[in-house]
$ cat target34.csv   # CSV, C-alpha atoms
chain,number,residue,atom,x,y,z
A,1,MET,CA,1.4,18.0,-9.0
A,2,GLN,CA,0.3,21.6,-8.9
A,3,GLY,CA,-3.3,22.0,-10.0
A,4,ASP,CA,-4.5,18.6,-8.7
A,5,THR,CA,-7.7,18.2,-6.6
A,6,ILE,CA,-7.8,15.6,-3.8
A,7,VAL,CA,-11.0,15.0,-1.9
A,8,VAL,CA,-10.7,12.5,0.9
A,9,GLU,CA,-14.0,10.8,1.6
A,10,GLU,CA,-15.3,8.5,4.3
A,11,HIS,CA,-14.5,5.3,2.4
A,12,HIS,CA,-10.9,6.4,1.9
A,13,ARG,CA,-10.6,7.1,5.6
A,14,ARG,CA,-12.2,3.8,6.5
A,15,ALA,CA,-9.6,1.9,4.4
A,16,ALA,CA,-6.8,3.9,5.9
A,17,GLU,CA,-8.0,3.2,9.4
A,18,ALA,CA,-7.9,-0.5,8.7
A,19,ILE,CA,-4.4,-0.3,7.2
A,20,ILE,CA,-2.8,1.7,10.1
A,21,PRO,CA,-2.8,-1.2,12.6
A,22,MET,CA,-1.1,-3.4,9.9
A,23,ILE,CA,1.7,-1.0,9.2
A,24,LEU,CA,2.2,1.0,12.4
A,25,PRO,CA,4.1,-1.8,14.4
A,26,LYS,CA,6.4,-2.3,11.4
A,27,ILE,CA,7.1,1.4,11.2
A,28,GLU,CA,7.7,1.8,14.9
A,29,ASN,CA,10.0,-1.2,15.1
A,30,THR,CA,12.1,0.0,12.2
A,31,LYS,CA,15.0,2.3,13.1
A,32,SER,CA,15.4,3.5,9.5
A,33,ARG,CA,13.0,5.5,7.5
A,34,TYR,CA,10.0,3.6,6.0
A,35,THR,CA,8.4,3.6,2.5
A,36,ILE,CA,4.9,2.7,1.4
A,37,SER,CA,3.4,2.5,-2.1
A,38,VAL,CA,-0.3,2.9,-2.9
A,39,ALA,CA,-1.1,1.6,-6.4
A,40,GLY,CA,-4.1,0.8,-8.5
A,41,GLU,CA,-5.9,1.9,-11.7
A,42,SER,CA,-6.8,5.4,-12.6
A,43,GLY,CA,-9.5,6.8,-10.4
A,44,SER,CA,-9.3,4.0,-7.8
A,45,GLY,CA,-8.5,6.5,-5.0
A,46,LYS,CA,-4.7,6.2,-4.7
A,47,SER,CA,-4.1,9.9,-3.8
A,48,GLU,CA,-7.0,10.0,-1.4
A,49,VAL,CA,-6.0,6.8,0.5
A,50,ALA,CA,-2.3,8.0,0.6
A,51,THR,CA,-3.5,11.3,2.1
A,52,ALA,CA,-5.7,9.6,4.6
A,53,ILE,CA,-2.9,7.2,5.7
A,54,ALA,CA,-0.5,10.2,6.0
A,55,GLU,CA,-3.0,12.1,8.2
A,56,LEU,CA,-3.5,9.1,10.5
A,57,LEU,CA,0.3,8.5,10.8
A,58,ASN,CA,0.8,12.2,11.6
A,59,GLN,CA,-1.9,11.8,14.3
A,60,SER,CA,0.2,8.9,15.7
A,61,GLY,CA,3.3,11.2,15.9
A,62,ILE,CA,4.9,9.8,12.8
A,63,HIS,CA,5.6,12.5,10.3
A,64,SER,CA,5.0,11.4,6.7
A,65,MET,CA,5.4,12.7,3.2
A,66,ILE,CA,3.8,11.8,-0.2
A,67,LEU,CA,5.4,11.4,-3.5
A,68,GLN,CA,3.0,11.5,-6.5
A,69,GLN,CA,3.8,9.5,-9.5
A,70,ASP,CA,2.1,12.2,-11.6
A,71,ASP,CA,5.2,14.3,-11.0
A,72,TYR,CA,7.5,11.7,-12.5
A,73,PHE,CA,5.9,11.4,-16.0
A,74,VAL,CA,8.4,11.8,-18.9
A,75,TYR,CA,6.0,14.4,-20.4
A,76,PRO,CA,3.6,16.8,-18.6
A,77,PRO,CA,-0.1,15.8,-18.8
A,78,LYS,CA,-1.2,17.6,-22.0
A,79,SER,CA,1.9,16.7,-23.9
A,80,ASN,CA,1.7,13.1,-22.7
A,81,ASP,CA,-1.9,12.9,-23.9
A,82,GLN,CA,-0.7,14.1,-27.4
A,83,ALA,CA,2.1,11.4,-27.3
A,84,ARG,CA,-0.5,8.7,-26.5
A,85,ARG,CA,-2.8,9.9,-29.4
A,86,LYS,CA,0.1,9.9,-31.8
A,87,ASP,CA,1.2,6.3,-30.7
A,88,ILE,CA,-1.1,4.3,-28.4
A,89,ASN,CA,1.9,2.0,-27.7
A,90,TRP,CA,3.4,4.8,-25.6
A,91,VAL,CA,0.8,3.9,-22.9
A,92,GLY,CA,2.5,2.0,-20.1
A,93,ALA,CA,5.2,2.1,-17.4
A,94,GLN,CA,7.6,3.7,-19.9
A,95,GLU,CA,5.6,6.9,-19.6
A,96,VAL,CA,7.0,7.3,-16.0
A,97,ARG,CA,10.5,8.0,-14.8
A,98,LEU,CA,10.2,5.1,-12.3
A,99,LYS,CA,14.0,4.9,-11.9
A,100,LEU,CA,14.2,8.5,-10.8
A,101,MET,CA,11.3,7.9,-8.3
A,102,ASP,CA,13.2,4.9,-7.0
A,103,ASP,CA,16.4,6.9,-6.7
A,104,ASN,CA,14.5,9.5,-4.6
A,105,LEU,CA,13.1,6.7,-2.4
A,106,ARG,CA,16.6,5.3,-2.0
A,107,ALA,CA,17.8,8.8,-0.9
A,108,PHE,CA,15.1,8.9,1.6
A,109,HIS,CA,16.0,5.4,2.9
A,110,ASP,CA,19.7,6.6,3.1
A,111,ASP,CA,18.8,9.4,5.5
A,112,LYS,CA,19.5,12.2,3.0
A,113,PRO,CA,18.3,15.6,4.3
A,114,GLU,CA,16.6,16.5,1.0
A,115,ILE,CA,15.7,15.1,-2.4
A,116,GLU,CA,15.6,16.8,-5.8
A,117,LYS,CA,12.4,15.8,-7.6
A,118,PRO,CA,10.4,16.8,-10.6
A,119,LEU,CA,7.2,18.9,-10.1
A,120,VAL,CA,4.5,19.0,-12.8
A,121,LEU,CA,2.7,22.4,-13.3
A,122,TYR,CA,-0.6,21.2,-14.9
A,123,LYS,CA,-1.9,24.5,-16.3
A,124,GLU,CA,1.4,25.4,-17.8
A,125,ASP,CA,2.0,21.9,-19.1
A,126,GLU,CA,5.5,22.0,-17.7
A,127,ILE,CA,7.8,20.0,-15.5
A,128,VAL,CA,10.2,21.9,-13.2
A,129,SER,CA,12.4,20.8,-10.4
A,130,GLU,CA,11.9,21.2,-6.7
A,131,THR,CA,14.0,20.5,-3.6
A,132,LEU,CA,12.0,18.6,-1.0
A,133,ALA,CA,13.4,18.9,2.6
A,134,ILE,CA,12.9,15.7,4.5
A,135,GLY,CA,13.0,17.1,7.9
A,136,ASP,CA,11.8,14.7,10.6
A,137,ALA,CA,9.8,12.6,8.1
A,138,LYS,CA,9.9,8.9,9.1
A,139,VAL,CA,7.6,7.7,6.2
A,140,VAL,CA,7.3,8.4,2.5
A,141,ILE,CA,4.2,7.2,0.7
A,142,ALA,CA,4.6,6.8,-3.1
A,143,GLU,CA,1.3,6.8,-4.8
A,144,GLY,CA,0.5,6.1,-8.5
A,145,THR,CA,-0.6,3.5,-11.0
A,146,TYR,CA,2.8,1.8,-11.4
A,147,THR,CA,4.3,2.3,-7.9
A,148,SER,CA,4.1,-1.4,-7.1
A,149,LEU,CA,7.0,-1.8,-9.5
A,150,LEU,CA,9.3,0.4,-7.4
A,151,GLU,CA,12.1,-1.5,-5.6
A,152,ASN,CA,12.7,0.8,-2.6
A,153,ILE,CA,9.3,0.0,-1.0
A,154,ASP,CA,8.8,-1.6,2.4
A,155,THR,CA,5.0,-2.1,2.2
A,156,ARG,CA,3.0,-2.2,-1.0
A,157,ILE,CA,-0.7,-1.4,-0.9
A,158,PHE,CA,-3.0,-2.2,-3.9
A,159,ILE,CA,-6.5,-0.9,-4.5
A,160,ASP,CA,-8.4,-3.6,-6.3
A,161,ARG,CA,-10.9,-1.6,-8.4
A,162,ASP,CA,-10.8,-1.5,-12.2
A,163,TYR,CA,-11.4,1.5,-14.5
A,164,LEU,CA,-15.0,0.6,-15.2
A,165,GLU,CA,-15.8,0.8,-11.5
A,166,THR,CA,-14.0,4.1,-11.0
A,167,ARG,CA,-15.6,6.3,-13.7
A,168,ALA,CA,-17.6,8.4,-11.3
A,169,HIS,CA,-14.4,9.2,-9.3
A,170,ARG,CA,-12.5,10.0,-12.5
A,171,GLU,CA,-15.2,12.4,-13.6
A,172,LYS,CA,-15.0,14.1,-10.2
A,173,ARG,CA,-11.3,14.6,-10.4
A,174,SER,CA,-10.9,15.3,-14.2
A,175,ARG,CA,-9.2,18.6,-15.0
A,176,HIS,CA,-9.9,18.6,-18.7
A,177,GLU,CA,-12.6,17.2,-21.0
A,178,SER,CA,-9.9,15.3,-22.9
A,179,GLU,CA,-9.5,13.0,-19.9
A,180,LEU,CA,-13.0,11.6,-20.3
A,181,ASP,CA,-13.3,11.2,-24.1
A,182,PRO,CA,-13.6,7.7,-25.7
A,183,PHE,CA,-9.8,7.6,-26.5
A,184,ILE,CA,-9.1,7.6,-22.7
A,185,ASP,CA,-11.2,4.4,-22.3
A,186,LYS,CA,-8.8,2.7,-24.7
A,187,VAL,CA,-5.9,4.0,-22.6
A,188,LEU,CA,-7.5,2.7,-19.4
A,189,ASP,CA,-8.2,-0.7,-21.0
A,190,ILE,CA,-4.5,-1.0,-21.8
A,191,GLU,CA,-3.5,0.1,-18.3
A,192,HIS,CA,-5.9,-2.4,-16.9
A,193,GLY,CA,-4.1,-5.2,-18.6
A,194,ILE,CA,-0.8,-4.0,-17.1
A,195,ILE,CA,-1.8,-2.8,-13.6
A,196,SER,CA,-4.2,-5.7,-12.7
A,197,ALA,CA,-1.2,-8.0,-12.6
A,198,HIS,CA,0.4,-5.9,-10.0
A,199,ARG,CA,-2.2,-7.1,-7.4
A,200,ASP,CA,0.1,-10.1,-6.9
A,201,LEU,CA,2.9,-7.8,-5.7
A,202,ALA,CA,0.9,-6.3,-2.9
A,203,ASP,CA,1.3,-6.8,0.8
A,204,ILE,CA,-2.0,-5.2,1.6
A,205,ILE,CA,-5.1,-5.2,-0.7
A,206,ILE,CA,-8.0,-2.7,-0.4
A,207,HIS,CA,-11.0,-4.6,-1.9
A,208,LYS,CA,-13.6,-3.1,-4.3
A,209,ASP,CA,-16.1,-2.0,-1.6
A,210,TYR,CA,-13.4,-0.3,0.5
A,211,TYR,CA,-14.9,-2.1,3.6
A,212,THR,CA,-12.5,-5.0,3.3
A,213,VAL,CA,-8.7,-4.6,3.7
A,214,SER,CA,-6.6,-7.8,3.8
A,215,ALA,CA,-2.9,-8.5,4.3
A,216,VAL,CA,-1.3,-10.9,1.9
A,217,ASP,CA,0.8,-13.7,3.4
$ encode --input "target34.csv" --output "structure tokens"
Amino acid sequence: MQGDTIVVEEHHRRAAEAIIPMILPKIENTKSRYTISVAGESGSGKSEVATAIAELLNQSGIHSMILQQDDYFVYPPKSNDQARRKDINWVGAQEVRLKLMDDNLRAFHDDKPEIEKPLVLYKEDEIVSETLAIGDAKVVIAEGTYTSLLENIDTRIFIDRDYLETRAHREKRSRHESELDPFIDKVLDIEHGIISAHRDLADIIIHKDYYTVSAVD
């Protein structure tokens, strides 16, 4: 999403460094392209961890790309906020065009040379379309709250931190004061009830302190 700010800090890199040995052999032993999801609640560090993983993969000679779930919302951010305030029941996975994201991941798996994807322009509160050339990318990382639900994923990563533990991070990344008003706490509480259950879908879990990363059998 244009207008987003991503600041990768030491704890994000530390988690990525623990994850790389778990996924690198799988990627190297797979002839086809490989997909990874990084999911968790708002402010848990999904974008930052995805960026750190991509950087380490690139250092290992494996070109990777990132798909942000934020680009796949039905409505752009400010309009989506209005839709939520009009009807709180709008909050949930239905806000996101997950099927389209899955279709893009399938195209990547199928060795397509490019994908046509949405792109959110935050300041303009618009969604446009962009053509993303795959080039020599071997890995795509799909990051976002509901990406554990995507079907075309080879390895699912989940950050096990809830919205109460991530407020400082959300304050740091917030683009508008409306993102931190009391109504948003209601939204995050609803999301928590949905997203916390996705922990059971994970192959790899990043625990609350970011020091512990464990593979799920």
$ closest_residue --input "target34.csv" --among "A:Ala39, A:Ile27, A:Ile53, A:Ala142" --to "A:His198" --atoms "only C-alpha atoms"
A:Ala39
$ atom_distance --input "target34.csv" --atom1 "atom CA of A:Asp154" --atom2 "atom CA of A:Thr35"
5.2 Å
$ atom_distance --input "target34.csv" --atom1 "atom CA of A:His12" --atom2 "atom CA of A:Val49"
5.1 Å
$ atom_distance --input "target34.csv" --atom1 "atom CA of A:Glu151" --atom2 "atom CA of A:Asp102"
6.6 Å
$ closest_residue --input "target34.csv" --among "A:Gly40, A:Glu48, A:Asp203, A:Lys26" --to "A:Val8" --atoms "all atoms listed in the file"
A:Glu48
$ build_atoms --input "target34.csv" --residues "stretch 51-74 of chain A" --atoms "N, CA and C atoms" --output "PDB file, in the coordinates of the input"
ATOM      1  N   THR A  51      -3.287  10.135   1.206  1.00  0.00           N
ATOM      2  CA  THR A  51      -3.500  11.300   2.100  1.00  0.00           C
ATOM      3  C   THR A  51      -4.079  10.914   3.405  1.00  0.00           C
ATOM      4  N   ALA A  52      -5.071  10.010   3.386  1.00  0.00           N
ATOM      5  CA  ALA A  52      -5.700   9.600   4.600  1.00  0.00           C
ATOM      6  C   ALA A  52      -4.722   8.807   5.510  1.00  0.00           C
ATOM      7  N   ILE A  53      -3.880   7.975   4.911  1.00  0.00           N
ATOM      8  CA  ILE A  53      -2.900   7.200   5.700  1.00  0.00           C
ATOM      9  C   ILE A  53      -1.872   8.232   6.298  1.00  0.00           C
ATOM     10  N   ALA A  54      -1.446   9.209   5.509  1.00  0.00           N
ATOM     11  CA  ALA A  54      -0.500  10.200   6.000  1.00  0.00           C
ATOM     12  C   ALA A  54      -1.087  10.978   7.184  1.00  0.00           C
ATOM     13  N   GLU A  55      -2.353  11.340   7.085  1.00  0.00           N
ATOM     14  CA  GLU A  55      -3.000  12.100   8.200  1.00  0.00           C
ATOM     15  C   GLU A  55      -3.045  11.249   9.455  1.00  0.00           C
ATOM     16  N   LEU A  56      -3.375   9.964   9.335  1.00  0.00           N
ATOM     17  CA  LEU A  56      -3.500   9.100  10.500  1.00  0.00           C
ATOM     18  C   LEU A  56      -2.068   8.848  11.114  1.00  0.00           C
ATOM     19  N   LEU A  57      -1.066   8.687  10.263  1.00  0.00           N
ATOM     20  CA  LEU A  57       0.300   8.500  10.800  1.00  0.00           C
ATOM     21  C   LEU A  57       0.743   9.770  11.520  1.00  0.00           C
ATOM     22  N   ASN A  58       0.433  10.929  10.961  1.00  0.00           N
ATOM     23  CA  ASN A  58       0.800  12.200  11.600  1.00  0.00           C
ATOM     24  C   ASN A  58       0.107  12.295  12.983  1.00  0.00           C
ATOM     25  N   GLN A  59      -1.146  11.832  13.055  1.00  0.00           N
ATOM     26  CA  GLN A  59      -1.900  11.800  14.300  1.00  0.00           C
ATOM     27  C   GLN A  59      -1.217  10.905  15.340  1.00  0.00           C
ATOM     28  N   SER A  60      -0.514   9.882  14.845  1.00  0.00           N
ATOM     29  CA  SER A  60       0.200   8.900  15.700  1.00  0.00           C
ATOM     30  C   SER A  60       1.597   9.413  16.061  1.00  0.00           C
ATOM     31  N   GLY A  61       1.944  10.606  15.625  1.00  0.00           N
ATOM     32  CA  GLY A  61       3.300  11.200  15.900  1.00  0.00           C
ATOM     33  C   GLY A  61       4.335  10.756  14.938  1.00  0.00           C
ATOM     34  N   ILE A  62       3.924  10.205  13.790  1.00  0.00           N
ATOM     35  CA  ILE A  62       4.900   9.800  12.800  1.00  0.00           C
ATOM     36  C   ILE A  62       4.723  10.706  11.548  1.00  0.00           C
ATOM     37  N   HIS A  63       5.704  11.565  11.360  1.00  0.00           N
ATOM     38  CA  HIS A  63       5.600  12.500  10.300  1.00  0.00           C
ATOM     39  C   HIS A  63       5.831  11.783   8.934  1.00  0.00           C
ATOM     40  N   SER A  64       4.949  12.047   7.979  1.00  0.00           N
ATOM     41  CA  SER A  64       5.000  11.400   6.700  1.00  0.00           C
ATOM     42  C   SER A  64       4.919  12.372   5.545  1.00  0.00           C
ATOM     43  N   MET A  65       5.397  11.947   4.380  1.00  0.00           N
ATOM     44  CA  MET A  65       5.400  12.700   3.200  1.00  0.00           C
ATOM     45  C   MET A  65       4.801  11.892   2.034  1.00  0.00           C
ATOM     46  N   ILE A  66       4.310  12.547   0.991  1.00  0.00           N
ATOM     47  CA  ILE A  66       3.800  11.800  -0.200  1.00  0.00           C
ATOM     48  C   ILE A  66       4.498  12.222  -1.427  1.00  0.00           C
ATOM     49  N   LEU A  67       4.891  11.209  -2.190  1.00  0.00           N
ATOM     50  CA  LEU A  67       5.400  11.400  -3.500  1.00  0.00           C
ATOM     51  C   LEU A  67       4.372  10.971  -4.531  1.00  0.00           C
ATOM     52  N   GLN A  68       3.987  11.855  -5.443  1.00  0.00           N
ATOM     53  CA  GLN A  68       3.000  11.500  -6.500  1.00  0.00           C
ATOM     54  C   GLN A  68       3.680  11.088  -7.743  1.00  0.00           C
ATOM     55  N   GLN A  69       3.275   9.933  -8.244  1.00  0.00           N
ATOM     56  CA  GLN A  69       3.800   9.500  -9.500  1.00  0.00           C
ATOM     57  C   GLN A  69       3.563  10.463 -10.631  1.00  0.00           C
ATOM     58  N   ASP A  70       2.482  11.218 -10.540  1.00  0.00           N
ATOM     59  CA  ASP A  70       2.100  12.200 -11.600  1.00  0.00           C
ATOM     60  C   ASP A  70       3.284  13.177 -11.841  1.00  0.00           C
ATOM     61  N   ASP A  71       4.110  13.428 -10.833  1.00  0.00           N
ATOM     62  CA  ASP A  71       5.200  14.300 -11.000  1.00  0.00           C
ATOM     63  C   ASP A  71       6.390  13.707 -11.791  1.00  0.00           C
ATOM     64  N   TYR A  72       6.360  12.399 -11.960  1.00  0.00           N
ATOM     65  CA  TYR A  72       7.500  11.700 -12.500  1.00  0.00           C
ATOM     66  C   TYR A  72       7.245  11.239 -13.993  1.00  0.00           C
ATOM     67  N   PHE A  73       6.168  11.715 -14.613  1.00  0.00           N
ATOM     68  CA  PHE A  73       5.900  11.400 -16.000  1.00  0.00           C
ATOM     69  C   PHE A  73       7.020  11.995 -16.890  1.00  0.00           C
ATOM     70  N   VAL A  74       7.348  11.317 -17.963  1.00  0.00           N
ATOM     71  CA  VAL A  74       8.400  11.800 -18.900  1.00  0.00           C
ATOM     72  C   VAL A  74       7.902  13.154 -19.500  1.00  0.00           C
TER      73      VAL A  74
END
